[in-house]
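Data file: upload-v2.cif. Format and content: mmCIF, C-alpha atoms and all ligand atoms.
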data_upload
#
loop_
_atom_site.label_atom_id
_atom_site.label_comp_id
_atom_site.auth_asym_id
_atom_site.auth_seq_id
_atom_site.Cartn_x
_atom_site.Cartn_y
_atom_site.Cartn_z
CA MET I 1 -61.09 59.61 -21.61
CA ILE I 2 -64.69 58.45 -21.55
CA ALA I 3 -67.38 61.11 -21.53
CA LEU I 4 -71.08 60.53 -21.02
CA ARG I 5 -73.33 63.38 -22.10
CA GLY I 6 -76.92 63.06 -20.98
CA LEU I 7 -76.63 59.36 -21.72
CA THR I 8 -80.04 57.72 -21.56
CA LYS I 9 -81.37 54.26 -22.35
CA ARG I 10 -85.00 53.22 -22.30
CA TYR I 11 -86.37 49.73 -22.74
CA GLY I 12 -90.06 50.24 -23.39
CA ALA I 13 -91.34 52.46 -20.62
CA LYS I 14 -88.45 51.68 -18.31
CA VAL I 15 -85.56 54.14 -18.13
CA VAL I 16 -82.52 52.03 -17.26
CA VAL I 17 -79.85 54.69 -17.81
CA ASP I 18 -81.08 58.14 -16.93
CA ARG I 19 -79.26 61.25 -18.21
CA LEU I 20 -75.78 60.28 -17.06
CA ASP I 21 -73.35 63.17 -17.30
CA MET I 22 -69.81 62.40 -16.31
CA GLU I 23 -66.26 61.87 -17.40
CA VAL I 24 -63.94 58.99 -16.63
CA ALA I 25 -60.48 60.50 -16.45
CA PRO I 26 -57.18 58.93 -17.53
CA GLY I 27 -54.41 58.02 -15.12
CA ARG I 28 -56.58 56.48 -12.47
CA VAL I 29 -58.83 53.52 -11.78
CA THR I 30 -62.46 54.54 -11.65
CA GLY I 31 -64.77 52.08 -9.92
CA PHE I 32 -68.31 51.84 -11.28
CA LEU I 33 -70.70 50.81 -8.53
CA GLY I 34 -74.41 50.31 -8.18
CA PRO I 35 -76.98 47.71 -7.16
CA ASN I 36 -78.03 44.89 -9.49
CA GLY I 37 -79.94 46.36 -12.40
CA ALA I 38 -78.62 49.89 -11.82
CA GLY I 39 -77.51 50.18 -15.45
CA LYS I 40 -73.75 49.63 -15.24
CA SER I 41 -73.47 47.00 -17.97
CA THR I 42 -75.92 48.89 -20.17
CA THR I 43 -73.79 52.03 -19.81
CA MET I 44 -70.64 50.11 -20.73
CA ARG I 45 -72.40 48.51 -23.69
CA MET I 46 -73.38 51.95 -24.98
CA VAL I 47 -69.78 53.17 -24.65
CA LEU I 48 -68.77 50.20 -26.81
CA GLY I 49 -71.47 50.80 -29.38
CA LEU I 50 -73.20 47.50 -28.53
CA ASP I 51 -76.37 49.32 -27.47
CA HIS I 52 -77.71 52.56 -28.89
CA PRO I 53 -78.51 55.41 -26.53
CA SER I 54 -82.15 56.53 -26.53
CA ALA I 55 -80.77 60.03 -25.93
CA GLY I 56 -77.42 61.65 -25.26
CA ALA I 57 -74.05 60.22 -26.14
CA ALA I 58 -71.15 58.13 -24.93
CA LEU I 59 -67.80 59.32 -26.22
CA ILE I 60 -64.31 57.88 -26.27
CA GLY I 61 -61.64 60.53 -26.75
CA GLY I 62 -64.43 62.86 -27.88
CA ARG I 63 -66.01 60.55 -30.43
CA PRO I 64 -68.72 57.90 -30.36
CA TYR I 65 -67.51 54.33 -30.76
CA ALA I 66 -68.92 54.07 -34.28
CA ALA I 67 -66.70 56.97 -35.38
CA LEU I 68 -63.44 55.41 -34.12
CA ARG I 69 -61.12 54.46 -36.94
CA HIS I 70 -59.36 51.66 -35.08
CA PRO I 71 -61.70 50.78 -32.22
CA MET I 72 -59.53 48.07 -30.63
CA ARG I 73 -56.58 50.43 -30.53
CA GLU I 74 -58.62 53.04 -28.71
CA VAL I 75 -60.74 51.05 -26.31
CA GLY I 76 -60.47 47.53 -24.92
CA ALA I 77 -63.14 45.86 -22.85
CA LEU I 78 -64.00 42.75 -20.92
CA LEU I 79 -67.76 42.59 -20.75
CA ASP I 80 -68.58 38.92 -21.04
CA ALA I 81 -65.67 36.52 -20.77
CA ARG I 82 -67.73 33.70 -22.30
CA ALA I 83 -67.96 35.49 -25.65
CA VAL I 84 -65.23 33.30 -27.16
CA HIS I 85 -65.56 30.52 -29.71
CA PRO I 86 -65.07 27.42 -27.52
CA GLY I 87 -63.42 25.35 -30.27
CA ARG I 88 -60.63 27.83 -30.94
CA THR I 89 -57.37 27.85 -29.08
CA ALA I 90 -56.65 30.96 -27.07
CA ARG I 91 -53.84 31.92 -29.43
CA ASN I 92 -55.98 31.46 -32.54
CA HIS I 93 -58.79 33.46 -31.02
CA LEU I 94 -56.41 36.36 -30.38
CA ARG I 95 -54.76 36.01 -33.79
CA ALA I 96 -58.13 36.25 -35.52
CA LEU I 97 -58.98 39.34 -33.50
CA ALA I 98 -55.61 40.91 -34.28
CA ARG I 99 -55.89 40.18 -38.00
CA SER I 100 -59.36 41.64 -38.36
CA ASN I 101 -58.31 44.78 -36.49
CA GLY I 102 -55.01 45.51 -38.21
CA ILE I 103 -52.97 44.67 -35.12
CA PRO I 104 -49.53 43.10 -35.66
CA ALA I 105 -49.45 39.33 -34.92
CA ARG I 106 -46.51 39.64 -32.50
CA ARG I 107 -48.80 41.53 -30.15
CA VAL I 108 -50.69 38.24 -29.57
CA ASP I 109 -47.80 36.61 -27.74
CA GLU I 110 -47.15 39.80 -25.78
CA VAL I 111 -50.65 39.88 -24.34
CA ILE I 112 -50.64 36.12 -23.74
CA ASP I 113 -47.56 36.67 -21.57
CA THR I 114 -49.07 39.69 -19.85
CA VAL I 115 -52.10 37.71 -18.70
CA GLY I 116 -50.10 34.62 -17.75
CA LEU I 117 -51.63 32.25 -20.32
CA ALA I 118 -48.40 31.21 -22.06
CA ASP I 119 -48.77 27.56 -20.99
CA ALA I 120 -52.40 27.36 -22.06
CA ALA I 121 -52.31 29.36 -25.29
CA GLY I 122 -52.54 26.22 -27.43
CA ARG I 123 -55.59 24.87 -25.62
CA ARG I 124 -59.15 25.26 -26.81
CA ALA I 125 -60.88 28.12 -24.99
CA GLY I 126 -63.84 25.83 -24.32
CA THR I 127 -61.71 23.84 -21.87
CA PHE I 128 -60.70 26.93 -19.86
CA SER I 129 -61.63 27.46 -16.24
CA LEU I 130 -63.50 30.62 -15.30
CA GLY I 131 -60.30 32.39 -14.29
CA MET I 132 -58.48 31.40 -17.48
CA GLY I 133 -61.45 32.64 -19.50
CA GLN I 134 -61.25 35.98 -17.68
CA ARG I 135 -57.55 36.19 -18.48
CA LEU I 136 -58.23 35.47 -22.15
CA GLY I 137 -60.91 38.18 -22.21
CA ILE I 138 -58.43 40.61 -20.69
CA ALA I 139 -55.80 39.61 -23.25
CA ALA I 140 -58.28 40.51 -25.98
CA ALA I 141 -58.98 43.86 -24.32
CA LEU I 142 -55.25 44.65 -24.20
CA LEU I 143 -54.53 43.48 -27.74
CA GLY I 144 -54.78 46.89 -29.42
CA ASP I 145 -52.78 48.60 -26.62
CA PRO I 146 -55.72 50.97 -26.08
CA GLU I 147 -55.79 54.13 -23.96
CA VAL I 148 -59.22 53.30 -22.56
CA LEU I 149 -60.07 50.05 -20.79
CA MET I 150 -63.38 48.88 -19.40
CA PHE I 151 -63.92 45.81 -17.28
CA ASP I 152 -67.38 44.64 -16.22
CA GLU I 153 -67.00 42.67 -12.98
CA PRO I 154 -63.58 41.28 -13.92
CA VAL I 155 -62.87 39.55 -10.61
CA ASN I 156 -66.11 37.57 -10.54
CA GLY I 157 -65.25 33.99 -9.72
CA LEU I 158 -61.51 34.50 -9.52
CA ASP I 159 -59.35 32.95 -6.81
CA PRO I 160 -57.43 35.27 -4.47
CA ASP I 161 -54.34 35.04 -6.62
CA GLY I 162 -56.32 36.03 -9.71
CA VAL I 163 -58.02 38.87 -7.84
CA ARG I 164 -54.66 40.23 -6.76
CA TRP I 165 -53.32 39.89 -10.27
CA ILE I 166 -56.21 41.88 -11.77
CA ARG I 167 -55.78 44.54 -9.10
CA GLY I 168 -52.10 44.93 -10.01
CA LEU I 169 -52.92 44.96 -13.72
CA MET I 170 -55.51 47.71 -13.39
CA ARG I 171 -53.27 49.81 -11.14
CA GLY I 172 -50.45 49.37 -13.64
CA LEU I 173 -52.62 50.38 -16.61
CA ALA I 174 -53.75 53.51 -14.77
CA ALA I 175 -50.17 54.32 -13.79
CA GLU I 176 -49.31 54.26 -17.50
CA GLY I 177 -51.82 57.07 -17.92
CA ARG I 178 -54.67 54.98 -19.30
CA THR I 179 -58.35 55.36 -18.50
CA VAL I 180 -59.51 52.35 -16.47
CA PHE I 181 -63.23 51.97 -15.79
CA VAL I 182 -64.22 48.90 -13.80
CA SER I 183 -67.49 47.71 -12.31
CA SER I 184 -67.62 45.50 -9.27
CA HIS I 185 -69.82 44.47 -6.37
CA LEU I 186 -66.83 43.64 -4.17
CA MET I 187 -66.41 46.71 -2.03
CA SER I 188 -63.30 45.57 -0.19
CA GLU I 189 -61.65 44.90 -3.54
CA MET I 190 -62.71 48.30 -4.88
CA GLN I 191 -61.30 49.95 -1.77
CA HIS I 192 -57.91 48.46 -2.71
CA THR I 193 -58.11 49.11 -6.44
CA ALA I 194 -60.01 52.30 -7.27
CA ASP I 195 -58.91 55.91 -6.92
CA HIS I 196 -62.23 57.35 -7.92
CA LEU I 197 -65.81 56.10 -7.76
CA VAL I 198 -68.89 56.56 -9.84
CA VAL I 199 -72.02 55.26 -8.13
CA ILE I 200 -75.33 54.89 -9.93
CA GLY I 201 -78.74 53.68 -8.81
CA ARG I 202 -81.79 53.11 -11.02
CA GLY I 203 -79.80 54.55 -13.91
CA ARG I 204 -79.03 57.84 -12.16
CA LEU I 205 -75.76 59.29 -10.96
CA ILE I 206 -75.52 59.14 -7.16
CA ALA I 207 -71.86 59.96 -6.61
CA ASP I 208 -68.81 60.85 -8.68
CA ALA I 209 -65.93 61.48 -6.30
CA PRO I 210 -62.55 60.27 -5.05
CA ILE I 211 -62.94 57.16 -2.93
CA GLY I 212 -61.70 58.94 0.21
CA GLU I 213 -64.37 61.57 -0.18
CA VAL I 214 -67.13 59.01 -0.67
CA ILE I 215 -66.11 57.46 2.66
CA ARG I 216 -65.65 60.82 4.37
CA ARG I 217 -69.20 61.84 3.44
CA SER I 218 -70.68 58.81 5.20
CA SER I 219 -72.72 59.53 8.29
CA LEU I 220 -71.34 56.25 9.66
CA ASN I 221 -67.93 57.77 10.32
CA ALA I 222 -67.70 57.66 14.08
CA VAL I 223 -65.57 58.57 17.05
CA ARG I 224 -64.58 56.02 19.65
CA VAL I 225 -64.19 57.36 23.17
CA ARG I 226 -63.25 55.62 26.39
CA SER I 227 -63.69 57.12 29.80
CA PRO I 228 -63.92 55.86 33.38
CA HIS I 229 -67.19 57.84 33.46
CA ALA I 230 -68.61 56.53 30.20
CA GLU I 231 -72.28 56.64 31.27
CA ASP I 232 -72.00 60.20 32.45
CA LEU I 233 -70.20 61.19 29.25
CA ALA I 234 -72.79 59.41 27.10
CA GLY I 235 -75.51 61.52 28.68
CA HIS I 236 -73.67 64.73 27.85
CA LEU I 237 -73.03 63.63 24.26
CA VAL I 238 -76.66 62.71 23.67
CA ARG I 239 -77.81 66.03 25.10
CA ALA I 240 -75.40 67.73 22.67
CA GLY I 241 -77.26 66.02 19.81
CA MET I 242 -74.87 63.14 19.16
CA HIS I 243 -75.76 59.48 18.80
CA VAL I 244 -74.06 57.04 21.16
CA VAL I 245 -73.70 53.27 21.00
CA ARG I 246 -72.09 51.32 23.84
CA GLU I 247 -69.44 48.72 23.02
CA ASP I 248 -69.28 45.52 25.04
CA THR I 249 -65.85 46.58 26.23
CA GLY I 250 -67.17 49.80 27.76
CA GLY I 251 -66.16 52.16 24.95
CA LEU I 252 -68.62 54.51 23.30
CA ILE I 253 -69.09 54.80 19.55
CA VAL I 254 -70.32 58.29 18.73
CA THR I 255 -71.79 59.49 15.45
CA GLY I 256 -73.11 62.93 14.59
CA GLY I 257 -70.07 64.71 16.00
CA THR I 258 -66.37 65.16 15.28
CA MET I 259 -63.53 64.16 17.59
CA ALA I 260 -63.34 67.82 18.59
CA ASP I 261 -67.07 67.82 19.44
CA VAL I 262 -66.69 64.74 21.63
CA GLY I 263 -63.48 65.94 23.29
CA GLY I 264 -64.99 69.38 23.79
CA ALA I 265 -68.12 67.99 25.41
CA ALA I 266 -66.03 65.85 27.76
CA HIS I 267 -63.82 68.78 28.65
CA ALA I 268 -66.78 71.07 29.27
CA ALA I 269 -68.25 68.46 31.63
CA GLY I 270 -64.93 67.90 33.39
CA ILE I 271 -64.91 64.22 32.42
CA ARG I 272 -61.61 62.42 31.94
CA VAL I 273 -61.10 60.73 28.58
CA ASP I 274 -58.67 57.81 28.12
CA GLU I 275 -59.08 57.32 24.39
CA LEU I 276 -60.44 59.42 21.54
CA SER I 277 -60.02 57.84 18.12
CA PRO I 278 -61.61 57.95 14.67
CA ARG I 279 -63.70 55.02 13.46
CA THR I 280 -63.69 55.46 9.71
CA ALA I 281 -66.63 53.97 7.83
CA SER I 282 -65.82 51.20 5.39
CA LEU I 283 -66.49 51.69 1.70
CA GLU I 284 -69.17 49.02 2.04
CA GLN I 285 -70.96 51.05 4.73
CA ALA I 286 -70.68 54.25 2.71
CA TYR I 287 -71.90 52.48 -0.42
CA LEU I 288 -74.87 50.82 1.27
CA GLU I 289 -75.88 54.14 2.75
CA LEU I 290 -75.62 55.90 -0.63
CA THR I 291 -77.62 53.31 -2.50
CA ALA I 292 -80.15 52.37 0.19
CA SER I 293 -83.01 54.02 -1.67
CA SER I 294 -81.97 52.72 -5.10
CA VAL I 295 -81.95 48.99 -4.50
CA GLU I 296 -84.48 47.32 -6.77
CA TYR I 297 -83.90 43.70 -5.91
CA ALA I 298 -83.49 43.77 -2.15
CA ALA I 299 -83.11 40.69 0.00
CA PRO I 300 -85.10 40.69 3.22
CA ALA I 301 -83.13 42.48 5.95
CA ALA I 302 -80.93 39.90 7.65
CA GLU I 303 -79.16 42.07 10.11
CA PRO I 304 -80.62 45.13 11.79
CA ALA I 305 -78.47 48.25 11.80
CA ALA I 306 -75.93 48.34 14.59
CA ALA I 307 -77.29 51.57 16.02
CA ALA I 308 -80.79 50.18 16.36
CA THR I 309 -79.70 47.21 18.44
CA GLY I 310 -77.19 49.10 20.53
CA ARG I 311 -74.36 46.85 19.36
CA ALA I 312 -71.36 48.39 17.74
CA ARG I 313 -69.91 46.73 14.67
CA ARG I 314 -66.29 47.15 13.86
N1 LIG Q 1 -82.07 44.00 -23.67
C1 LIG Q 1 -82.79 44.44 -22.62
N2 LIG Q 1 -84.14 44.53 -22.68
C2 LIG Q 1 -84.86 44.98 -21.63
N3 LIG Q 1 -84.33 45.35 -20.45
C3 LIG Q 1 -83.00 45.29 -20.33
C4 LIG Q 1 -82.15 44.82 -21.39
N4 LIG Q 1 -80.87 44.87 -20.98
C5 LIG Q 1 -80.90 45.34 -19.70
N5 LIG Q 1 -82.19 45.58 -19.32
C6 LIG Q 1 -82.62 46.11 -18.01
O1 LIG Q 1 -81.85 47.25 -17.75
C7 LIG Q 1 -81.61 47.38 -16.36
C8 LIG Q 1 -80.13 47.60 -16.14
O2 LIG Q 1 -79.43 46.40 -16.44
P1 LIG Q 1 -77.85 46.31 -16.38
O3 LIG Q 1 -77.48 44.95 -16.81
O4 LIG Q 1 -77.26 47.46 -17.10
O5 LIG Q 1 -77.58 46.49 -14.82
P2 LIG Q 1 -76.23 46.30 -14.01
O6 LIG Q 1 -76.03 47.56 -13.22
O7 LIG Q 1 -75.13 45.88 -14.91
O8 LIG Q 1 -76.63 45.14 -13.00
P3 LIG Q 1 -75.74 43.93 -12.40
O9 LIG Q 1 -75.04 44.50 -11.21
O10 LIG Q 1 -76.78 42.95 -11.97
O11 LIG Q 1 -74.83 43.44 -13.46
C9 LIG Q 1 -82.15 46.12 -15.71
O12 LIG Q 1 -83.41 46.43 -15.15
C10 LIG Q 1 -82.29 45.18 -16.87
O13 LIG Q 1 -83.34 44.27 -16.65
MG MG Q 2 -73.98 44.19 -15.06
#

Could you render the structure from this file as structure tokens?
Ligand SMILES: Nc1ncnc2c1ncn2[C@@H]1O[C@H](COP(=O)(O)OP(=O)(O)OP(=O)(O)O)[C@@H](O)[C@H]1O
Ligand SMILES: [Mg+2]
Amino acid sequence: MIALRGLTKRYGAKVVVDRLDMEVAPGRVTGFLGPNGAGKSTTMRMVLGLDHPSAGAALIGGRPYAALRHPMREVGALLDARAVHPGRTARNHLRALARSNGIPARRVDEVIDTVGLADAAGRRAGTFSLGMGQRLGIAAALLGDPEVLMFDEPVNGLDPDGVRWIRGLMRGLAAEGRTVFVSSHLMSEMQHTADHLVVIGRGRLIADAPIGEVIRRSSLNAVRVRSPHAEDLAGHLVRAGMHVVREDTGGLIVTGGTMADVGGAAHAAGIRVDELSPRTASLEQAYLELTASSVEYAAPAAEPAAAATGRARR
């Protein structure tokens, strides 16, 4: 388990990690989300003892990294896949790591197999493609067979096959009861991979909840309703305080009310309804809504919100 206790990091006057209090539990994949500059990598670096907290603590199994007797056997991490000596072969790189950490040499070939690098293990790491480099970094993280694993944007630059492989790997590690903490900006990928989410913005905790709950809390969860008297129904829904957007196909997308609210309003008005269905928000929508006020490096708005233009997005 990873535990953050009032974890804080300041660079000069800027607070980049701000009193984070949370636990990353074993047996599940926890996604770590937040806009660029939110403090995700800094948090992970503090867990690994690469940065010192300005206040508070980051603990692995109850102890700070510096107090771990066999760090690589307790926590493995992929933070920067380029942190490999380019002139060494993959196998030699892993052997050196194993030797200096008291890990048996046979473990090297095991992890090489696990990450699918058996054919390339004798090649110099400097000649590796991005995806092969990621795999080598993951092999190093797995070397000590640790209970806790952290991956900072592990699918960056990977092809679909590699993305799927990493997803399976992380799910498998969590299923073995390990703690898996992974940052990513790819919301659709997170939706497939994570069980639980931690969202930060400007160094502060915004959400710490199961993924289903993060989506459920979104105000963008909607109800789709179709009726031969759609205009009439829309009027009733708006008067009941709901927000209505018309689809091109004649359906209505309603927010601010449950299916029961919409069905009840239609029933009360004596209006026939041909379809009443949930329109669940995507993780991306829920995430953007959660972090809207925490984005530091925002691009100019490219697309106005669906509700404002009267167009419904699916
Ligand atoms: N060594 C440093 N000196 C000064 N500021 C730093 C240093 N390292 C990080 N920062 C600042 O800390 C903030 C958080 O950076 P961090 O890399 O943790 O964000 P992140 O959430 O990982 O972002 P990204 O999604 O872009 O990877 C940023 O504003 C960054 O500029
Ligand atoms: Mg980062």

Next item on the list: Do a neighbour search on region 196-201 of chain I at 8 Å with all atoms listed in the file, toss out local chain neighbours closer than 3 positions, and write the hits as a VMD selection string.
Entry: chain I and resid 28 to 35 38 to 40 204 to 211 214 291 294 to 295

Checklist line | Protein and nucleic acid residues within 9 Å of ligand LIG 1 (chain Q) (all atoms listed in the file) as a ChimeraX atom specification | finding: /I:9-12,14-17,33-45,51,152-153,183-185,200-203,296

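For the atom pair formed by CA of Asp119 (chain I) and CA of Asp80 (chain I), the distance is 22.8 Å, given to one decimal.
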
Env of region 145-149 of chain I: 7 Å cut, atoms = all atoms listed in the file, seq-sep filter 4 positions within chain, self excluded. Answer as a tab-separated table (two decimals) with C-alpha atoms, in the coordinates of the input.
chain	number	residue	atom	x	y	z
I	1	MET	CA	-61.09	59.61	-21.61
I	72	MET	CA	-59.53	48.07	-30.63
I	73	ARG	CA	-56.58	50.43	-30.53
I	74	GLU	CA	-58.62	53.04	-28.71
I	75	VAL	CA	-60.74	51.05	-26.31
I	76	GLY	CA	-60.47	47.53	-24.92
I	77	ALA	CA	-63.14	45.86	-22.85
I	178	ARG	CA	-54.67	54.98	-19.30
I	179	THR	CA	-58.35	55.36	-18.50
I	180	VAL	CA	-59.51	52.35	-16.47
I	181	PHE	CA	-63.23	51.97	-15.79

Note to self: I'd like to know which of I:Pro228, I:Gly162, I:Gly6, I:Gly126 is closest to His85 (chain I), using only C-alpha atoms.
What the structure shows: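 Result for the nearest residue to His85 (chain I): I:Gly126.
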
Checklist line | 12 Å contact set for Asp159 (chain I), all atoms listed in the file, chain neighbours under 2 positions out, as a list in words | finding: Ser129, Leu130, Gly131, Met132, Gln134, Pro154, Val155, Asn156, Gly157, Asp161, Gly162, Val163, Arg164, Trp165 and Ile166 of chain I

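Closest to Val84 (chain I) among I:Ala281, I:Ile138, I:Ile271, I:Ala57 is I:Ile138, based on only C-alpha atoms.
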
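Shortest atom-to-atom contact with Val273 (chain I) among I:Tyr297, I:Ala234, I:Arg216, I:Leu78: I:Ala234, counting all atoms listed in the file.
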